[in-house]
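Source file: work.txt. Holds: compact mmCIF, C-alpha atoms.
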# COMPACT_ATOMS: atom_id res chain seq x y z
CA MET A 68 1.64 11.54 25.89
CA ILE A 69 3.31 11.37 22.50
CA VAL A 70 4.31 7.77 21.92
CA LEU A 71 5.81 8.18 18.49
CA ALA A 72 7.29 11.35 17.05
CA ALA A 73 7.06 12.10 13.35
CA VAL A 74 9.93 10.72 11.29
CA PHE A 75 10.46 14.18 9.86
CA ASN A 76 10.13 17.41 11.82
CA LEU A 77 7.03 19.03 10.33
CA ASN A 78 6.85 21.89 12.83
CA HIS A 79 7.94 24.57 10.40
CA PRO A 80 6.64 26.25 7.23
CA ALA A 81 7.00 24.16 4.06
CA HIS A 82 10.24 24.41 2.10
CA VAL A 83 9.51 25.85 -1.32
CA VAL A 84 11.37 26.18 -4.61
CA GLU A 85 10.79 29.42 -6.52
CA TRP A 86 11.57 30.10 -10.16
CA HIS A 87 10.10 33.32 -11.58
CA PHE A 88 6.34 33.02 -10.99
CA ILE A 89 6.50 29.27 -10.32
CA GLN A 90 6.42 28.26 -6.66
CA LEU A 91 6.42 24.61 -5.66
CA SER A 92 6.81 22.98 -2.30
CA VAL A 93 9.68 20.50 -1.99
CA ALA A 94 7.15 17.83 -0.97
CA ASN A 95 5.22 18.30 -4.24
CA LEU A 96 8.45 18.28 -6.24
CA ILE A 97 9.41 14.96 -4.66
CA VAL A 98 6.01 13.48 -5.58
CA ILE A 99 6.35 14.71 -9.20
CA ALA A 100 9.85 13.21 -9.41
CA LEU A 101 8.53 9.91 -7.99
CA MET A 102 5.76 9.82 -10.59
CA LEU A 103 8.32 10.34 -13.37
CA VAL A 104 10.49 7.53 -11.97
CA VAL A 105 7.53 5.15 -11.68
CA PHE A 106 6.43 6.04 -15.23
CA ALA A 107 9.92 5.34 -16.60
CA LEU A 108 10.10 2.01 -14.74
CA ALA A 109 6.60 1.00 -15.92
CA ILE A 110 7.52 1.33 -19.59
CA THR A 111 10.96 -0.28 -19.27
CA LEU A 112 10.67 -3.12 -16.76
CA PRO A 113 9.47 -6.46 -18.19
CA PHE A 114 6.11 -7.69 -16.93
CA PRO A 115 6.29 -11.13 -15.23
CA GLY A 116 5.19 -13.86 -17.63
CA ALA A 117 4.70 -11.53 -20.61
CA HIS A 118 7.23 -13.39 -22.77
CA ALA A 119 5.73 -16.81 -21.98
CA ARG A 120 2.25 -15.50 -22.79
CA ALA A 121 3.41 -14.10 -26.13
CA ILE A 122 4.98 -17.43 -27.12
CA ALA A 123 1.88 -19.34 -26.00
CA ARG A 124 -0.35 -17.05 -28.06
CA ARG A 125 1.77 -17.61 -31.16
CA THR A 126 1.90 -21.38 -30.76
CA GLY A 127 -1.64 -21.78 -29.43
CA GLY A 128 -0.39 -23.42 -26.23
CA ASP A 129 -1.20 -22.89 -22.58
CA PRO A 130 0.79 -19.96 -21.09
CA GLU A 131 0.72 -21.47 -17.59
CA MET B 142 -59.95 -15.26 -33.71
CA SER B 143 -56.80 -13.70 -35.11
CA ALA B 144 -53.35 -15.28 -35.16
CA ALA B 145 -51.01 -14.66 -32.25
CA GLN B 146 -49.52 -11.17 -32.47
CA PRO B 147 -45.81 -10.60 -31.81
CA PRO B 148 -45.29 -9.05 -28.38
CA LYS B 149 -45.41 -5.28 -28.38
CA PRO B 150 -41.91 -3.83 -27.85
CA THR B 151 -41.49 -2.26 -24.44
CA TRP B 152 -38.96 0.38 -23.40
CA THR B 153 -37.30 -2.07 -21.04
CA GLY B 154 -36.92 -4.58 -23.86
CA ARG B 155 -35.48 -1.95 -26.18
CA VAL B 156 -33.01 -0.82 -23.51
CA ARG B 157 -31.98 -4.44 -22.86
CA GLU B 158 -31.43 -5.17 -26.54
CA ALA B 159 -29.47 -1.94 -27.04
CA ALA B 160 -27.32 -2.69 -23.98
CA VAL B 161 -26.57 -6.26 -25.05
CA GLU B 162 -25.81 -5.12 -28.59
CA ALA B 163 -23.45 -2.39 -27.35
CA LEU B 164 -21.80 -4.56 -24.72
CA PRO B 165 -22.35 -8.31 -25.11
CA PRO B 166 -21.47 -10.41 -22.03
CA GLU B 167 -18.22 -11.74 -23.53
CA LYS B 168 -17.04 -8.12 -23.96
CA LEU B 169 -18.34 -6.94 -20.57
CA LEU B 170 -16.59 -9.75 -18.66
CA PRO B 171 -13.91 -11.15 -21.00
CA ASP B 172 -11.87 -14.25 -20.19
CA GLY B 173 -8.60 -12.55 -21.08
CA GLN B 174 -6.94 -9.48 -22.52
CA PRO B 175 -4.68 -9.09 -25.57
CA THR B 176 -1.06 -10.08 -24.99
CA TYR B 177 0.18 -6.49 -25.25
CA VAL B 178 -1.70 -5.66 -22.01
CA ALA B 179 0.97 -7.65 -20.13
CA SER B 180 2.96 -4.50 -19.32
CA TRP B 181 3.38 -2.51 -16.11
CA ILE B 182 2.06 0.67 -17.78
CA TYR B 183 -1.37 -0.96 -18.09
CA ILE B 184 -1.82 -1.49 -14.33
CA PHE B 185 -2.24 2.14 -13.31
CA GLY B 186 -5.88 2.35 -14.40
CA VAL B 187 -6.91 -0.51 -12.15
CA ALA B 188 -4.57 0.83 -9.43
CA SER B 189 -6.57 4.08 -9.53
CA ILE B 190 -9.82 2.12 -9.15
CA ALA B 191 -8.37 0.12 -6.23
CA ALA B 192 -7.41 3.38 -4.50
CA LEU B 193 -10.88 4.77 -5.20
CA VAL B 194 -12.47 1.76 -3.49
CA VAL B 195 -10.34 2.40 -0.38
CA ILE B 196 -11.20 6.11 -0.51
CA ILE B 197 -14.93 5.39 -0.59
CA GLY B 198 -14.73 2.72 2.13
CA SER B 199 -12.73 4.90 4.53
CA GLY B 200 -14.84 7.94 3.61
CA VAL B 201 -18.06 6.13 4.50
CA ILE B 202 -16.62 5.30 7.95
CA LEU B 203 -15.48 8.90 8.49
CA SER B 204 -18.87 10.30 7.50
CA LEU B 205 -20.65 7.88 9.85
CA LYS B 206 -18.44 8.75 12.84
CA GLY B 207 -18.00 12.50 12.37
CA PRO B 208 -15.30 15.17 12.93
CA ALA B 209 -14.89 14.71 16.71
CA TRP B 210 -14.13 11.02 16.16
CA TRP B 211 -11.59 11.53 13.40
CA HIS B 212 -9.82 14.30 15.38
CA TYR B 213 -9.79 12.93 18.93
CA THR B 214 -9.53 9.13 18.76
CA GLY B 215 -6.65 6.93 17.73
CA ILE B 216 -8.72 4.80 15.36
CA GLY B 217 -10.25 7.99 13.97
CA HIS B 218 -6.77 9.33 13.16
CA PHE B 219 -5.92 6.00 11.56
CA ILE B 220 -8.99 5.91 9.26
CA ASN B 221 -8.48 9.59 8.46
CA SER B 222 -4.91 8.83 7.43
CA ILE B 223 -6.04 5.85 5.34
CA HIS B 224 -8.46 8.19 3.57
CA LEU B 225 -5.77 10.82 2.93
CA TRP B 226 -3.11 8.40 1.68
CA ALA B 227 -5.59 6.56 -0.54
CA VAL B 228 -6.33 9.93 -2.16
CA GLU B 229 -2.59 10.51 -2.64
CA LEU B 230 -2.25 7.09 -4.26
CA PHE B 231 -5.38 7.68 -6.37
CA PHE B 232 -3.92 10.85 -7.88
CA PHE B 233 -0.45 9.33 -8.19
CA ALA B 234 -1.76 6.30 -10.14
CA MET B 235 -4.19 8.41 -12.16
CA VAL B 236 -1.44 10.80 -13.29
CA VAL B 237 0.86 7.94 -14.39
CA HIS B 238 -2.16 6.33 -16.13
CA LEU B 239 -2.86 9.66 -17.87
CA TRP B 240 0.77 10.04 -19.01
CA GLY B 241 0.85 6.46 -20.32
CA LYS B 242 -2.40 6.86 -22.24
CA TYR B 243 -1.37 10.26 -23.60
CA TRP B 244 1.89 8.94 -25.05
CA MET B 245 0.15 5.90 -26.58
CA ALA B 246 -2.58 8.20 -28.02
CA ALA B 247 -5.31 6.16 -26.38
CA TRP B 248 -8.03 8.03 -28.26
CA ARG B 249 -7.16 6.06 -31.44
CA GLY B 250 -9.60 3.60 -33.02
CA GLY B 251 -12.85 5.30 -32.02
CA ARG B 252 -11.85 5.66 -28.37
CA THR B 253 -12.56 9.40 -28.14
CA ARG B 254 -15.22 8.92 -25.46
CA VAL B 255 -12.90 6.68 -23.45
CA TRP B 256 -10.29 9.45 -23.43
CA ILE B 257 -12.81 12.19 -22.64
CA THR B 258 -14.44 10.35 -19.72
CA GLY B 259 -10.97 9.68 -18.28
CA ALA B 260 -9.88 13.31 -18.63
CA VAL B 261 -13.14 14.63 -17.16
CA THR B 262 -12.81 12.19 -14.25
CA PHE B 263 -9.42 13.71 -13.47
CA LEU B 264 -10.86 17.24 -13.62
CA VAL B 265 -13.81 16.33 -11.35
CA ALA B 266 -11.52 14.51 -8.91
CA VAL B 267 -9.61 17.76 -8.22
CA PRO B 268 -12.55 19.65 -6.61
CA THR B 269 -13.58 16.39 -4.90
CA ALA B 270 -10.22 16.39 -3.12
CA LEU B 271 -10.30 20.16 -2.50
CA THR B 272 -13.71 19.97 -0.80
CA GLY B 273 -12.27 17.20 1.38
CA TYR B 274 -9.33 19.34 2.47
CA VAL B 275 -11.64 22.21 3.42
CA SER B 276 -13.99 19.82 5.32
CA GLN B 277 -11.37 18.66 7.82
CA GLN B 278 -12.58 21.00 10.59
CA ASN B 279 -9.11 22.18 11.62
CA PHE B 280 -6.66 25.04 10.99
CA ASP B 281 -5.41 23.36 7.82
CA ALA B 282 -8.96 23.48 6.43
CA GLN B 283 -9.28 27.15 7.42
CA TRP B 284 -6.02 28.04 5.70
CA ILE B 285 -6.86 26.11 2.50
CA SER B 286 -10.41 27.45 2.30
CA THR B 287 -9.37 31.08 2.67
CA GLN B 288 -6.71 30.62 -0.02
CA ALA B 289 -9.20 28.78 -2.28
CA LYS B 290 -11.80 31.52 -1.66
CA ASP B 291 -9.48 34.12 -3.17
CA GLY B 292 -8.66 31.83 -6.09
CA LEU B 293 -12.31 31.09 -6.86
CA ASN B 294 -13.29 34.77 -6.51
CA SER B 295 -10.51 35.75 -8.92
CA VAL B 296 -12.07 33.57 -11.64
CA GLY B 297 -15.58 34.81 -10.95
CA VAL B 298 -17.24 31.73 -9.45
CA GLY B 299 -17.13 32.79 -5.80
CA ALA B 300 -20.89 33.49 -5.82
CA PHE B 301 -21.61 29.81 -6.49
CA PHE B 302 -19.08 28.05 -4.24
CA ASN B 303 -18.44 29.24 -0.69
CA VAL B 304 -15.42 27.19 0.32
CA THR B 305 -15.55 28.58 3.87
CA ASN B 306 -19.04 27.08 4.35
CA PHE B 307 -18.45 23.67 5.94
CA GLY B 308 -21.98 22.37 5.31
CA GLN B 309 -21.90 23.23 1.64
CA MET B 310 -18.40 21.83 1.09
CA TYR B 311 -19.15 18.66 3.07
CA SER B 312 -22.24 17.99 0.92
CA TYR B 313 -20.17 18.44 -2.20
CA HIS B 314 -17.45 16.20 -0.81
CA VAL B 315 -19.45 13.26 0.49
CA PHE B 316 -22.26 13.16 -2.07
CA LEU B 317 -22.35 15.26 -5.25
CA LEU B 318 -18.73 15.05 -6.41
CA PRO B 319 -18.09 11.39 -5.42
CA LEU B 320 -21.29 10.47 -7.28
CA ALA B 321 -19.91 12.21 -10.36
CA VAL B 322 -16.49 10.54 -10.01
CA VAL B 323 -17.96 7.05 -9.56
CA GLY B 324 -20.39 7.58 -12.47
CA LEU B 325 -17.61 8.78 -14.75
CA VAL B 326 -15.30 5.92 -13.75
CA ALA B 327 -18.11 3.41 -14.43
CA ALA B 328 -18.74 4.95 -17.86
CA HIS B 329 -14.97 4.96 -18.54
CA VAL B 330 -14.59 1.27 -17.67
CA LEU B 331 -17.66 0.24 -19.71
CA LEU B 332 -16.31 2.18 -22.70
CA VAL B 333 -12.92 0.46 -22.32
CA ARG B 334 -14.75 -2.88 -22.28
CA ARG B 335 -16.67 -1.93 -25.41
CA HIS B 336 -13.73 -0.65 -27.46
CA GLY B 337 -10.96 -2.79 -25.98
CA VAL B 338 -7.61 -1.68 -24.59
CA VAL B 339 -5.74 0.52 -27.06
CA PRO B 340 -2.99 -1.45 -28.89
CA PRO B 341 0.62 -0.23 -29.11
CA PHE B 342 1.54 1.89 -32.14
CA GLU B 343 3.71 -0.84 -33.67
CA LEU B 344 0.89 -3.38 -33.50
CA ASP B 345 -1.51 -0.80 -34.91
CA ARG B 346 0.76 -0.22 -37.94
CA THR B 347 1.15 -3.98 -38.48
CA ALA B 348 -2.61 -4.50 -38.37
CA LEU B 349 -3.18 -1.62 -40.78
CA ALA B 350 -0.51 -2.80 -43.22
CA THR B 351 -2.26 -6.16 -43.61
CA ARG B 352 -5.42 -4.33 -44.64
CA LEU B 353 -3.85 -1.86 -47.11
CA PRO B 354 -5.01 -2.37 -50.71
CA GLN B 355 -2.72 -2.34 -53.75
CA ALA B 356 -1.15 0.98 -54.71
CA GLY B 357 -3.70 3.31 -56.25
CA GLY B 358 -6.64 1.52 -54.68
CA PRO B 359 -9.16 3.00 -52.28
CA PRO B 360 -8.17 3.76 -48.70
CA PRO B 361 -8.75 1.05 -46.13
CA ALA B 362 -12.26 0.84 -44.74
CA VAL B 363 -11.00 0.12 -41.24
CA PRO B 364 -9.94 3.22 -39.30
CA VAL B 365 -6.49 3.47 -37.82
CA GLY B 366 -6.47 2.06 -34.33
CA GLU B 367 -9.03 -0.70 -34.85
CA PRO B 368 -8.07 -3.32 -32.28
CA PRO B 369 -6.17 -6.16 -33.91
CA SER B 370 -6.80 -9.76 -33.12
CA ALA B 371 -5.64 -10.99 -29.72
CA ARG B 372 -3.50 -13.50 -31.59
CA THR B 373 -1.60 -10.81 -33.47
CA GLU B 374 2.12 -11.08 -32.83
CA VAL B 375 3.22 -9.02 -29.89
CA THR B 376 5.91 -6.43 -30.18
CA SER B 377 7.39 -5.99 -26.76
So that I can check it, write out the structure of this file as C-alpha cells.
Amino acid sequence: MIVLAAVFNLNHPAHVVEWHFIQLSVANLIVIALMLVVFALAITLPFPGAHARAIARRTGGDPE
Amino acid sequence: MSAAQPPKPTWTGRVREAAVEALPPEKLLPDGQPTYVASWIYIFGVASIAALVVIIGSGVILSLKGPAWWHYTGIGHFINSIHLWAVELFFFAMVVHLWGKYWMAAWRGGRTRVWITGAVTFLVAVPTALTGYVSQQNFDAQWISTQAKDGLNSVGVGAFFNVTNFGQMYSYHVFLLPLAVVGLVAAHVLLVRRHGVVPPFELDRTALATRLPQAGGPPPAVPVGEPPSARTEVTS
C-alpha cells in the first residue's frame, strides 16, 4: 500500500532543455540555478558577529 | 669508557621532527581563524566535509546490510535516501566552495598544492558517485551503466573499466575511490592548516604595500599572498 505519494509526479521521462548540442535536464538546471543563488548570497549576506569580531580585533578586546 | 654518545637518529624520529616542523600543533589545531574568515563563503569547505561524513556513515550501513535491504525495507530506503541526498549536498557545497576559491584565486601565497588537492578531489569524487549510481542494482543502474559504457568506450578506456560489472564497480565505489577521496581531503585540510586560509585580495594588497621598499629599491622578499597578521584590519 502506498502511504505517501511523491510530491511531484515522476512517472514520465525527464523534461530537458536543448540548445544546439547542449542538452540539460530541467532538474539539473534548477540545481545549477540554486548553486548560483547560494553563491551570490554567500558573498553578499553579512556573517553573524563578523563586525563585532573585527572591532574586537582592532581594539584588542573580547568579541563575545 | 667513552663519553655518552648522542642518540642515533631513527627514521621515526626524523619523520616526527619533519612533521612537527611542517605543521606545529598551534597550526594544526589553532585557537581561532583570521577575522576575514567570518564570511558565509568560507563555510562551504567544511559543509562539504560534513556531507562527506554523512556519506561515509550511511554508506557503511548500506554496505553492511546489502542490496536486498536497501531495496525492500523501509529503513533501507531511508538510509539509501540519506546516502543519495548527502552526495547531492556534497557536490552542491563543493561546487560553491570551488567557485568561491576560484574567484579569490586561492592558489596565491604558495597555496598551489592546496588548490591542486582540492581540484583533484573534485575530479575523483565524480567517478566515486558514478560507480555508486551503477551499483544500485536496479533499472536506473542498468540505464546509467549502459550509457556510461558507451561514453567510456568512446574515450578508449572501456578495456579497463567495465561499468556493467557490478562486482568491479562496487569495489571501486566502497573501497578504492572513497579511500582516494578521504586521503585527498585529509591532505587538503592539512595543507590549509599549514598555509592558512587565503586572505581577500584587498587585505593582500594592504599587506604587500606595507612591505614595499622605496622606489627603485629591490622587489619585496615576501611573495604576493603571504598571509597577513590576524590583527590586520579587516576589509569587509
Per residue of chain A within 6 Å of chain B, note the shortest atom pair and the distance in Å to one decimal, counting only C-alpha atoms, and order the rows by chain and increasing residue number, as a tab-separated table.
residue	atom	partner	partner_atom	distance
A:Phe106	CA	B:Val237	CA	5.9
A:Ala109	CA	B:Trp181	CA	4.8
A:Ile110	CA	B:Ile182	CA	5.8
A:Phe114	CA	B:Ser180	CA	5.1
A:Ala117	CA	B:Ala179	CA	5.4
A:Arg124	CA	B:Arg372	CA	5.9
Show which residues sit within 12 Å of stretch 88-97 of chain A, as an MDAnalysis selection string. Count only C-alpha atoms, and ignore same-chain residues fewer than 6 positions away.
(chainID A and resid 75 77 80:82 103:104) or (chainID B and resid 229 233)
Using only C-alpha atoms, find all polymer residues with an atom at most 6 Å away from the point (-15.4, 9.3, -14.0); report them as an mmCIF file with C-alpha atoms, in the coordinates of the input.
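What landed in selection.cif:
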data_model
loop_
_atom_site.group_PDB
_atom_site.id
_atom_site.type_symbol
_atom_site.label_atom_id
_atom_site.label_comp_id
_atom_site.auth_asym_id
_atom_site.auth_seq_id
_atom_site.Cartn_x
_atom_site.Cartn_y
_atom_site.Cartn_z
ATOM 1 C CA THR B 258 -14.440 10.350 -19.720
ATOM 2 C CA THR B 262 -12.810 12.190 -14.250
ATOM 3 C CA VAL B 322 -16.490 10.540 -10.010
ATOM 4 C CA VAL B 323 -17.960 7.050 -9.560
ATOM 5 C CA GLY B 324 -20.390 7.580 -12.470
ATOM 6 C CA LEU B 325 -17.610 8.780 -14.750
ATOM 7 C CA VAL B 326 -15.300 5.920 -13.750
#
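The space separating atom CA of B:Val187 from atom CA of B:Leu170 comes to 14.9 Å.
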For atom CA of B:Asn221 and atom CA of B:Leu205, determine how far apart the two atoms are, in Å to one decimal place.
12.4 Å
Figure out the distance between atom CA of B:Lys206 and atom CA of B:Leu225, please, to one decimal in Å.
16.2 Å
Quick one: residues within 9 Å of B:Met245, only C-alpha atoms, excluding same-chain residues fewer than 4 positions away - as a VMD selection string?
chain B and resid 240 to 241 249 339 to 342
